[in-house]
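Enquirer: This is the content of data21.cif (mmCIF, C-alpha atoms and all ligand atoms):
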data_target
loop_
_atom_site.label_atom_id
_atom_site.label_comp_id
_atom_site.auth_asym_id
_atom_site.auth_seq_id
_atom_site.Cartn_x
_atom_site.Cartn_y
_atom_site.Cartn_z
CA MET A 8 153.02 111.68 60.64
CA LEU A 9 151.71 108.20 61.26
CA SER A 10 151.50 105.76 58.36
CA VAL A 11 148.80 103.18 58.78
CA ILE A 12 149.66 100.10 56.75
CA ILE A 13 146.68 97.98 55.84
CA PRO A 14 147.26 94.76 53.89
CA ALA A 15 144.16 93.79 51.98
CA TYR A 16 143.46 90.60 50.16
CA ASN A 17 139.94 90.19 48.79
CA GLU A 18 138.52 92.72 51.23
CA GLU A 19 136.26 94.79 48.95
CA GLU A 20 133.57 95.11 51.63
CA ASN A 21 136.02 95.97 54.39
CA ILE A 22 138.23 98.61 52.81
CA ALA A 23 135.91 101.60 52.92
CA PRO A 24 134.60 100.88 56.46
CA ALA A 25 138.15 100.35 57.69
CA ALA A 26 139.32 103.63 56.15
CA ARG A 27 136.36 105.42 57.73
CA ALA A 28 136.80 103.88 61.16
CA ILE A 29 140.55 104.38 61.33
CA GLY A 30 140.35 107.88 59.85
CA ALA A 31 137.69 108.94 62.34
CA VAL A 32 139.68 107.68 65.33
CA LEU A 33 142.88 109.40 64.21
CA ARG A 34 141.20 112.69 63.34
CA ASP A 35 139.53 112.73 66.77
CA ALA A 36 142.88 112.20 68.42
CA GLU A 37 144.43 114.91 66.22
CA ILE A 38 147.10 112.65 64.83
CA SER A 39 148.24 113.39 61.29
CA TYR A 40 148.17 110.21 59.28
CA GLU A 41 148.16 108.50 55.94
CA LEU A 42 146.32 105.29 55.15
CA LEU A 43 148.40 103.00 53.03
CA PHE A 44 146.44 100.12 51.58
CA VAL A 45 148.44 97.31 50.07
CA ASN A 46 146.33 95.28 47.71
CA ASP A 47 147.85 91.83 47.83
CA GLY A 48 146.70 90.61 44.42
CA SER A 49 143.03 90.50 45.30
CA ALA A 50 140.77 88.73 42.85
CA ASP A 51 137.81 90.94 43.74
CA GLU A 52 137.18 94.67 43.42
CA SER A 53 139.49 95.68 46.28
CA TRP A 54 141.88 97.64 44.09
CA ARG A 55 139.07 99.62 42.44
CA VAL A 56 137.71 100.46 45.89
CA ILE A 57 141.12 101.65 47.05
CA ARG A 58 141.57 103.80 43.91
CA THR A 59 138.18 105.41 44.36
CA LEU A 60 138.93 106.13 47.98
CA SER A 61 142.28 107.69 47.15
CA GLU A 62 140.61 110.04 44.68
CA THR A 63 138.30 111.48 47.31
CA ASP A 64 140.46 111.23 50.42
CA PRO A 65 143.97 112.72 50.12
CA ALA A 66 145.10 110.71 53.15
CA VAL A 67 144.59 107.43 51.32
CA ARG A 68 147.32 105.83 49.24
CA GLY A 69 147.36 102.45 47.65
CA LEU A 70 149.86 99.94 46.35
CA CYS A 71 148.86 97.08 44.12
CA PHE A 72 150.80 93.82 43.86
CA SER A 73 151.03 92.02 40.56
CA ARG A 74 149.74 88.87 42.28
CA ASN A 75 149.16 87.51 45.76
CA PHE A 76 152.46 87.58 47.64
CA GLY A 77 151.15 87.06 51.15
CA LYS A 78 150.55 89.27 54.12
CA GLU A 79 154.19 89.47 55.19
CA ALA A 80 155.19 90.81 51.77
CA ALA A 81 152.33 93.30 51.90
CA ILE A 82 153.48 94.55 55.29
CA PHE A 83 157.05 95.01 54.08
CA ALA A 84 155.91 96.81 50.95
CA GLY A 85 153.86 99.09 53.20
CA ILE A 86 156.83 99.81 55.44
CA ALA A 87 159.00 100.56 52.41
CA ALA A 88 156.46 102.97 50.98
CA ALA A 89 155.44 104.62 54.26
CA ARG A 90 156.30 108.30 54.59
CA GLY A 91 155.52 108.64 58.28
CA ASP A 92 157.82 108.99 61.27
CA CYS A 93 156.25 105.82 62.53
CA CYS A 94 153.91 103.24 61.14
CA VAL A 95 151.25 100.96 62.44
CA VAL A 96 150.22 97.70 60.81
CA ILE A 97 146.58 96.80 61.14
CA ASP A 98 144.27 94.23 59.56
CA CYS A 99 141.70 95.33 57.05
CA ASP A 100 138.88 93.35 58.64
CA LEU A 101 138.72 95.53 61.78
CA GLN A 102 139.68 92.60 63.99
CA HIS A 103 142.22 94.96 65.50
CA PRO A 104 140.36 97.79 67.25
CA PRO A 105 141.43 101.14 65.67
CA GLU A 106 141.09 102.99 69.02
CA LYS A 107 144.18 101.16 70.19
CA ILE A 108 146.24 102.95 67.55
CA VAL A 109 145.85 106.07 69.64
CA ASP A 110 147.15 104.29 72.77
CA MET A 111 150.09 103.03 70.73
CA TYR A 112 150.75 106.48 69.32
CA ARG A 113 150.79 108.05 72.79
CA LEU A 114 153.35 105.48 73.92
CA TRP A 115 155.40 106.29 70.84
CA GLU A 116 155.28 109.97 71.81
CA GLN A 117 156.66 108.96 75.20
CA GLY A 118 159.68 107.53 73.44
CA PHE A 119 158.86 103.88 72.88
CA GLU A 120 160.03 102.60 69.54
CA VAL A 121 158.21 99.31 69.10
CA ILE A 122 154.71 99.00 70.49
CA GLU A 123 153.26 95.54 70.23
CA GLY A 124 149.59 94.76 70.22
CA VAL A 125 149.07 91.76 72.46
CA LYS A 126 145.94 89.65 72.28
CA ALA A 127 144.14 89.74 75.61
CA SER A 128 141.67 87.27 74.23
CA ARG A 129 141.91 85.38 70.98
CA GLY A 130 138.34 85.97 69.82
CA LYS A 131 136.30 83.27 68.21
CA GLU A 132 138.35 80.33 66.99
CA SER A 133 137.65 76.66 66.59
CA ALA A 134 139.16 74.37 69.25
CA GLY A 135 141.41 72.67 66.71
CA TYR A 136 142.70 75.98 65.39
CA GLY A 137 143.33 77.29 68.89
CA LEU A 138 145.31 74.18 69.79
CA ALA A 139 147.36 74.29 66.58
CA ALA A 140 148.09 77.98 67.12
CA ARG A 141 149.22 77.28 70.68
CA VAL A 142 151.54 74.45 69.59
CA PHE A 143 153.01 76.64 66.85
CA TYR A 144 153.63 79.59 69.14
CA ARG A 145 154.99 77.41 71.94
CA LEU A 146 157.46 75.92 69.43
CA ILE A 147 158.52 79.21 67.98
CA SER A 148 158.67 80.95 71.36
CA LYS A 149 160.88 78.19 72.79
CA SER A 150 163.20 78.17 69.85
CA THR A 151 163.59 81.90 69.48
CA GLY A 152 163.50 82.82 73.14
CA MET A 153 160.83 85.46 72.42
CA ASP A 154 157.36 85.30 73.80
CA LEU A 155 155.11 85.31 70.78
CA MET A 156 152.26 83.44 72.44
CA ASN A 157 149.77 86.29 72.15
CA ALA A 158 151.63 88.37 69.63
CA SER A 159 149.92 89.79 66.59
CA ASP A 160 150.86 91.78 63.52
CA PHE A 161 149.07 94.78 65.03
CA ARG A 162 152.00 96.93 66.07
CA LEU A 163 153.51 100.36 65.83
CA LEU A 164 157.08 100.86 64.70
CA ASP A 165 159.28 103.89 64.94
CA ARG A 166 161.17 105.02 61.83
CA LYS A 167 164.35 103.49 63.27
CA ALA A 168 162.67 100.12 63.68
CA MET A 169 161.17 100.39 60.19
CA ASP A 170 164.56 101.10 58.67
CA SER A 171 166.20 98.22 60.45
CA LEU A 172 163.47 95.88 59.25
CA LEU A 173 163.91 97.13 55.71
CA SER A 174 167.65 96.58 55.88
CA MET A 175 167.11 92.85 56.30
CA GLY A 176 167.32 91.09 53.02
CA GLU A 177 165.43 87.99 54.07
CA GLN A 178 162.96 86.54 51.60
CA HIS A 179 160.96 84.77 54.25
CA ALA A 180 160.59 87.57 56.71
CA PHE A 181 158.33 86.75 59.63
CA PHE A 182 157.17 90.23 60.58
CA ARG A 183 155.83 89.39 64.01
CA ALA A 184 159.02 87.75 65.19
CA LEU A 185 161.47 90.02 63.35
CA SER A 186 159.95 93.16 64.79
CA SER A 187 160.53 91.77 68.29
CA TRP A 188 163.94 90.42 67.40
CA ILE A 189 165.26 93.87 66.40
CA GLY A 190 164.89 95.04 69.99
CA PHE A 191 164.47 98.81 70.67
CA ARG A 192 162.44 100.27 73.51
CA THR A 193 159.37 98.11 73.53
CA ALA A 194 155.95 98.52 75.08
CA THR A 195 152.79 96.48 74.73
CA VAL A 196 149.15 97.38 74.37
CA GLU A 197 146.51 94.78 75.05
CA PHE A 198 143.54 94.40 72.77
CA ASP A 199 140.62 92.05 72.32
CA VAL A 200 140.37 90.38 68.95
CA GLN A 201 137.11 91.48 67.36
CA PRO A 202 134.97 89.35 65.10
CA ARG A 203 135.70 89.81 61.40
CA ALA A 204 133.76 92.77 59.95
CA ALA A 205 132.85 91.03 56.69
CA GLY A 206 134.08 88.29 54.41
CA GLN A 207 136.02 85.26 55.45
CA THR A 208 139.45 84.56 56.82
CA LYS A 209 142.02 84.10 54.08
CA TRP A 210 143.67 81.19 55.79
CA THR A 211 143.14 77.64 54.74
CA THR A 212 144.55 74.83 56.88
CA ARG A 213 147.13 74.16 54.18
CA ALA A 214 148.22 77.78 54.10
CA LEU A 215 148.51 77.83 57.89
CA VAL A 216 150.65 74.68 57.98
CA ARG A 217 152.91 76.13 55.30
CA TYR A 218 153.06 79.43 57.18
CA ALA A 219 154.00 77.62 60.41
CA LEU A 220 156.70 75.58 58.69
CA THR A 221 158.32 78.49 56.85
CA ASN A 222 158.30 80.65 59.93
CA ILE A 223 159.70 78.01 62.24
CA THR A 224 162.46 77.18 59.81
CA SER A 225 163.21 80.80 59.03
CA PHE A 226 163.78 81.51 62.69
CA THR A 227 165.43 78.42 64.06
CA THR A 228 167.58 75.50 63.07
CA ALA A 229 166.24 73.44 65.98
CA PRO A 230 164.71 70.79 63.68
CA MET A 231 168.18 70.08 62.29
CA GLN A 232 169.60 69.79 65.79
CA LEU A 233 166.75 67.42 66.55
CA ILE A 234 168.14 65.14 63.85
CA THR A 235 171.45 65.00 65.71
CA VAL A 236 169.62 64.18 68.94
CA MET A 237 167.67 61.42 67.23
CA GLY A 238 170.89 60.11 65.73
CA VAL A 239 172.47 59.92 69.18
CA ILE A 240 169.41 58.12 70.56
CA THR A 241 169.43 55.57 67.75
CA LEU A 242 173.17 55.13 68.26
CA VAL A 243 172.61 54.29 71.93
CA VAL A 244 169.82 51.89 71.03
CA SER A 245 171.89 50.23 68.32
CA VAL A 246 174.86 49.75 70.68
CA ILE A 247 172.57 48.01 73.18
CA MET A 248 170.96 45.89 70.49
CA GLY A 249 174.37 45.13 69.00
CA VAL A 250 175.64 43.84 72.33
CA VAL A 251 172.52 41.71 72.74
CA ALA A 252 172.90 40.32 69.21
CA LEU A 253 176.57 39.46 69.77
CA TRP A 254 175.79 37.84 73.07
CA GLN A 255 173.10 35.76 71.38
CA LYS A 256 175.47 34.74 68.62
CA PHE A 257 178.16 33.53 71.00
CA SER A 258 175.74 31.69 73.23
CA GLY A 259 174.36 29.90 70.15
CA VAL A 260 170.82 31.28 70.10
CA ALA A 261 171.32 33.65 67.19
CA LEU A 262 168.46 32.58 64.92
CA GLY A 263 165.08 34.19 65.22
CA GLY A 264 164.82 37.92 65.79
CA PHE A 265 163.42 38.52 62.31
CA THR A 266 160.79 40.88 63.75
CA THR A 267 163.49 42.96 65.39
CA VAL A 268 165.36 43.27 62.12
CA ILE A 269 162.26 44.39 60.24
CA ILE A 270 161.29 46.92 62.88
CA LEU A 271 164.80 48.32 63.05
CA GLN A 272 164.98 48.55 59.26
CA LEU A 273 161.71 50.40 59.02
CA PHE A 274 162.55 52.63 61.96
CA THR A 275 165.97 53.69 60.75
CA GLY A 276 164.63 53.99 57.21
CA SER A 277 161.94 56.45 58.20
CA LEU A 278 164.31 58.32 60.47
CA VAL A 279 166.76 58.81 57.63
CA MET A 280 164.02 59.88 55.23
CA MET A 281 162.61 62.34 57.73
CA SER A 282 166.03 63.79 58.40
CA LEU A 283 166.66 64.17 54.70
CA GLY A 284 163.31 65.91 54.44
CA ILE A 285 164.22 68.39 57.14
CA ILE A 286 167.62 69.08 55.60
CA GLY A 287 165.93 69.35 52.22
CA HIS A 288 163.58 71.95 53.61
CA TYR A 289 166.46 74.12 54.78
CA LEU A 290 168.25 73.56 51.50
CA ALA A 291 165.17 74.75 49.66
CA LYS A 292 165.12 77.83 51.82
CA ILE A 293 168.78 78.54 51.13
CA TYR A 294 167.98 78.12 47.43
CA ASP A 295 165.10 80.57 47.71
CA GLU A 296 167.17 83.10 49.59
CA ILE A 297 170.12 82.85 47.25
CA LYS A 298 167.98 83.56 44.21
CA ALA A 299 167.28 86.90 45.86
CA ARG A 300 164.09 87.49 43.96
CA PRO A 301 162.14 90.55 45.02
CA ARG A 302 159.76 89.86 47.86
CA TYR A 303 156.92 91.40 45.92
CA ILE A 304 156.23 93.12 42.63
CA ILE A 305 154.24 96.33 42.56
CA SER A 306 152.11 96.74 39.48
CA ASP A 307 150.29 99.94 40.32
CA CYS A 308 149.89 102.63 42.93
CA CYS A 309 147.52 105.47 43.63
CA GLY A 310 147.11 108.49 45.88
CA GLY A 311 149.80 110.73 47.26
CA LYS A 312 151.92 112.93 45.05
CA GLN A 313 152.52 111.28 41.71
CA GLU A 314 156.20 112.20 41.33
CA ASP A 315 157.37 110.15 44.28
CA LYS A 316 155.79 106.91 43.32
CA PRO A 317 157.50 104.06 45.12
N1 LIG B 1 146.01 89.28 53.96
C1 LIG B 1 146.88 89.63 52.93
N2 LIG B 1 147.37 88.66 52.10
C2 LIG B 1 147.06 87.34 52.25
C3 LIG B 1 146.19 86.99 53.32
C4 LIG B 1 145.70 87.98 54.15
O1 LIG B 1 147.21 90.80 52.76
O2 LIG B 1 147.52 86.52 51.47
C5 LIG B 1 145.47 90.32 54.84
C6 LIG B 1 143.96 90.36 54.94
O3 LIG B 1 143.38 91.13 53.91
C7 LIG B 1 143.74 90.98 56.30
C8 LIG B 1 144.93 90.46 57.10
O4 LIG B 1 145.91 90.06 56.15
O5 LIG B 1 143.79 92.39 56.28
C9 LIG B 1 144.55 89.32 58.00
O6 LIG B 1 143.94 88.30 57.26
P1 LIG B 1 142.77 87.41 57.84
O7 LIG B 1 141.76 88.27 58.51
O8 LIG B 1 142.30 86.55 56.72
O9 LIG B 1 143.55 86.52 58.90
P2 LIG B 1 143.10 86.22 60.40
O10 LIG B 1 142.62 87.51 61.00
O11 LIG B 1 142.03 85.22 60.29
O12 LIG B 1 144.36 85.71 61.03
MG MG B 2 141.25 88.68 60.33
#
Can the structure from this file be put into structure tokens for me?
Expert:
Amino acid sequence: MLSVIIPAYNEEENIAPAARAIGAVLRDAEISYELLFVNDGSADESWRVIRTLSETDPAVRGLCFSRNFGKEAAIFAGIAAARGDCCVVIDCDLQHPPEKIVDMYRLWEQGFEVIEGVKASRGKESAGYGLAARVFYRLISKSTGMDLMNASDFRLLDRKAMDSLLSMGEQHAFFRALSSWIGFRTATVEFDVQPRAAGQTKWTTRALVRYALTNITSFTTAPMQLITVMGVITLVVSVIMGVVALWQKFSGVALGGFTTVIILQLFTGSLVMMSLGIIGHYLAKIYDEIKARPRYIISDCCGGKQEDKP
């Protein structure tokens, strides 16, 4: 059986159409499936819609978070609750074409264990967003050695891959990168990003910047190494300037140079502050990880057999 994991956050208009579209595609292809909606603390009627659906359609199950925990948490909750031999993660807004699930499933039948949906085109985005996304993915691809440039969360995972993802205790799990990092026999399926079916994107610029920062720092310590590099550069500069200053002192032209002192002060000051900030960020992450709070809290669930509630 295939478990289709659908994170939903304020998607009341999209849930029923998504269930219909995905269900129709999978029934046509004669794939047995379950639809697992994870309501990520929506403020709208999403959860009621999911409940109603699960009462009429036995293939629909739902999980409800006690508050908004973010898409990554919703995906992991879905993987944990999935009963299938493989699962596919797909957006609720139909930006990921459901027909591609069938292509992914066929590849899985051929023995592939991780099938990644790769964006052939990025769909409609503003120029600024596109640029920021490219910078972020270039950074993270360079530092992790994985090509995530056109990666998406739309992917199919075999049970083995699901279990290995679940065995990772990370609080800040970055699904897209982790599911490539685990390895396994991997194939890709290209898809075109569709326009959003209804509603608006859940991302604000602030949320995106935070997302980029947490994911970069959860996957690489390169920023900390950068501090070392900057330290070495400033050391070289200070040796040169030190020699110059000494030479000036001994040749009797030591006065003056106030501007240099001010600039150096400000420069080293900001460098030190920035470095502390970066270290602080990692420290905060260690703090978060060590608290080992649950990644999400489930407040309700519906559909499926009642006795094996997750
Ligand atoms: N989503 C979620 N929790 C969040 C934000 C988003 O579960 O905090 C879900 C959302 O309902 C959708 C998917 O993640 O199914 C992708 O979100 P969105 O379409 O807003 O992102 P975009 O496609 O613009 O990257
Ligand atoms: Mg979307």
Enquirer: Closest to ligand MG 2 (chain B) among A:Ser282, A:Gln117, A:Gln201, A:Thr63, using only C-alpha atoms and all ligand atoms?
Expert: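 Of A:Ser282, A:Gln117, A:Gln201, A:Thr63, the one nearest ligand MG 2 (chain B) is A:Gln201, counting only C-alpha atoms and all ligand atoms.
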Enquirer: Just to confirm, what's the straight-line distance from atom CA of A:Phe265 to atom CA of A:Thr241 in Å (one decimal)?
Expert: 18.9 Å
Enquirer: Produce a table with one row for each residue of chain A that has an atom at most 7 Å from any atom of ligand LIG 1 (chain B), each row naming the nearest atom pair and its distance in Å at one decimal; use only C-alpha atoms and all ligand atoms; arrange rows by chain and rising residue number; format as JSON lines.
Expert:
{"residue": "A:Ile13", "atom": "CA", "partner": "B:LIG1", "partner_atom": "O5", "distance": 6.3}
{"residue": "A:Pro14", "atom": "CA", "partner": "B:LIG1", "partner_atom": "O1", "distance": 4.1}
{"residue": "A:Ala15", "atom": "CA", "partner": "B:LIG1", "partner_atom": "O3", "distance": 3.4}
{"residue": "A:Tyr16", "atom": "CA", "partner": "B:LIG1", "partner_atom": "O3", "distance": 3.8}
{"residue": "A:Asn17", "atom": "CA", "partner": "B:LIG1", "partner_atom": "O3", "distance": 6.2}
{"residue": "A:Glu18", "atom": "CA", "partner": "B:LIG1", "partner_atom": "O3", "distance": 5.8}
{"residue": "A:Asn46", "atom": "CA", "partner": "B:LIG1", "partner_atom": "O1", "distance": 6.8}
{"residue": "A:Asp47", "atom": "CA", "partner": "B:LIG1", "partner_atom": "O1", "distance": 5.1}
{"residue": "A:Asn75", "atom": "CA", "partner": "B:LIG1", "partner_atom": "O2", "distance": 6.0}
{"residue": "A:Phe76", "atom": "CA", "partner": "B:LIG1", "partner_atom": "O2", "distance": 6.3}
{"residue": "A:Gly77", "atom": "CA", "partner": "B:LIG1", "partner_atom": "O2", "distance": 3.7}
{"residue": "A:Lys78", "atom": "CA", "partner": "B:LIG1", "partner_atom": "N2", "distance": 3.8}
{"residue": "A:Ala81", "atom": "CA", "partner": "B:LIG1", "partner_atom": "O1", "distance": 5.8}
{"residue": "A:Asp98", "atom": "CA", "partner": "B:LIG1", "partner_atom": "O5", "distance": 3.8}
{"residue": "A:Cys99", "atom": "CA", "partner": "B:LIG1", "partner_atom": "O5", "distance": 3.7}
{"residue": "A:Asp100", "atom": "CA", "partner": "B:LIG1", "partner_atom": "O5", "distance": 5.5}
{"residue": "A:Gln102", "atom": "CA", "partner": "B:LIG1", "partner_atom": "O10", "distance": 6.6}
{"residue": "A:Arg203", "atom": "CA", "partner": "B:LIG1", "partner_atom": "O7", "distance": 6.9}
{"residue": "A:Gln207", "atom": "CA", "partner": "B:LIG1", "partner_atom": "O8", "distance": 6.5}
{"residue": "A:Thr208", "atom": "CA", "partner": "B:LIG1", "partner_atom": "O8", "distance": 3.5}
{"residue": "A:Lys209", "atom": "CA", "partner": "B:LIG1", "partner_atom": "O8", "distance": 3.6}
{"residue": "A:Trp210", "atom": "CA", "partner": "B:LIG1", "partner_atom": "O8", "distance": 5.6}
Enquirer: What does the distance between atom CA of A:Thr193 and atom CA of A:Glu123 come to in Å, to one decimal place?
Expert: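 Straight-line distance from atom CA of A:Thr193 to atom CA of A:Glu123 works out to 7.4 Å.
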Enquirer: Could you name the residues that touch A:Leu42 at 7 Å or less, counting only C-alpha atoms, but leaving out those on the same chain fewer than 2 positions away, as JSON, numbers by chain?
Expert: {"A": [10, 11, 12, 40, 44, 66, 67, 68]}
Enquirer: Mind checking which residues fall within 8 Å of A:Ser39, counting only C-alpha atoms, ignoring those fewer than 3 positions away in the same chain, and posting them as a list in words?
Expert: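 So the residues in contact are Met8, Leu9, Leu33 and Arg34 of chain A.
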Enquirer: Using all atoms listed in the file, which of the listed residues (A:Met111, A:Met169, A:Ala139, A:Ile189) sits closest to A:Gly85?
Expert: A:Met169
Enquirer: Between A:Ala87, A:Ala31, A:Val200, A:Leu173, which is the closest to ligand MG 2 (chain B) once you count all atoms listed in the file?
Expert: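 The closest residue to ligand MG 2 (chain B) is A:Val200.
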Enquirer: May I have the residues at most 12 Å from (168.9, 68.1, 55.6) in the file's coordinates, counting all atoms listed in the file, as a list in words?
Expert: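 Those residues lying close to the given coordinates are Thr224, Thr228, Ala229, Pro230, Met231, Gln232, Leu233, Ile234, Thr235, Leu278, Val279, Met280, Met281, Ser282, Leu283, Gly284, Ile285, Ile286, Gly287, His288, Tyr289, Leu290, Ala291, Lys292 and Ile293 of chain A.
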Enquirer: Could you tell me which of A:Val45, A:Ala26, A:Leu163, A:Val251 comes closest to A:Ala80 if we count all atoms listed in the file?
Expert: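 So, comparing all the options, the nearest one is A:Val45.
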Enquirer: Which one of A:Arg217, A:Gly311, A:Ser245, A:Gln178 sits closest to A:Tyr294 if you count only C-alpha atoms?
Expert: A:Gln178
Enquirer: With a distance cut-off of 9 Å and only C-alpha atoms, select the neighbouring residues of A:Ser159, excluding the residue or stretch itself and same-chain residues fewer than 3 positions from it, and output the selection as a PDB file with C-alpha atoms, in the coordinates of the input.
Expert:
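Generated file (result-v3.pdb):
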ATOM      1  CA  GLU A 123     153.260  95.540  70.230  1.00  0.00           C
ATOM      2  CA  GLY A 124     149.590  94.760  70.220  1.00  0.00           C
ATOM      3  CA  VAL A 125     149.070  91.760  72.460  1.00  0.00           C
ATOM      4  CA  LYS A 126     145.940  89.650  72.280  1.00  0.00           C
ATOM      5  CA  LEU A 155     155.110  85.310  70.780  1.00  0.00           C
ATOM      6  CA  MET A 156     152.260  83.440  72.440  1.00  0.00           C
ATOM      7  CA  ARG A 162     152.000  96.930  66.070  1.00  0.00           C
ATOM      8  CA  ARG A 183     155.830  89.390  64.010  1.00  0.00           C
TER       9      ARG A 183
END
Enquirer: Take atom CA of A:Ile57 and atom CA of A:Gly69 and report the distance between them in Å, one decimal.
Expert: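 Interatomic distance here is 6.3 Å.
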Enquirer: Given the choices A:Ile97, A:Ala252, A:Ala180, A:Leu138, which gets closest to ligand MG 2 (chain B) if the distance is worked out from all atoms listed in the file?
Expert: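 Closest candidate: A:Ile97.
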Enquirer: For stretch 23-39 of chain A, I'd like the enclosing box, axis-aligned and padded by 3 Å on every side, reported as lines of an AutoDock Vina configuration file with centre and edge lengths in Å to one decimal.
Expert:
center_x = 141.4
center_y = 107.6
center_z = 60.7
size_x = 19.6
size_y = 20.6
size_z = 21.5
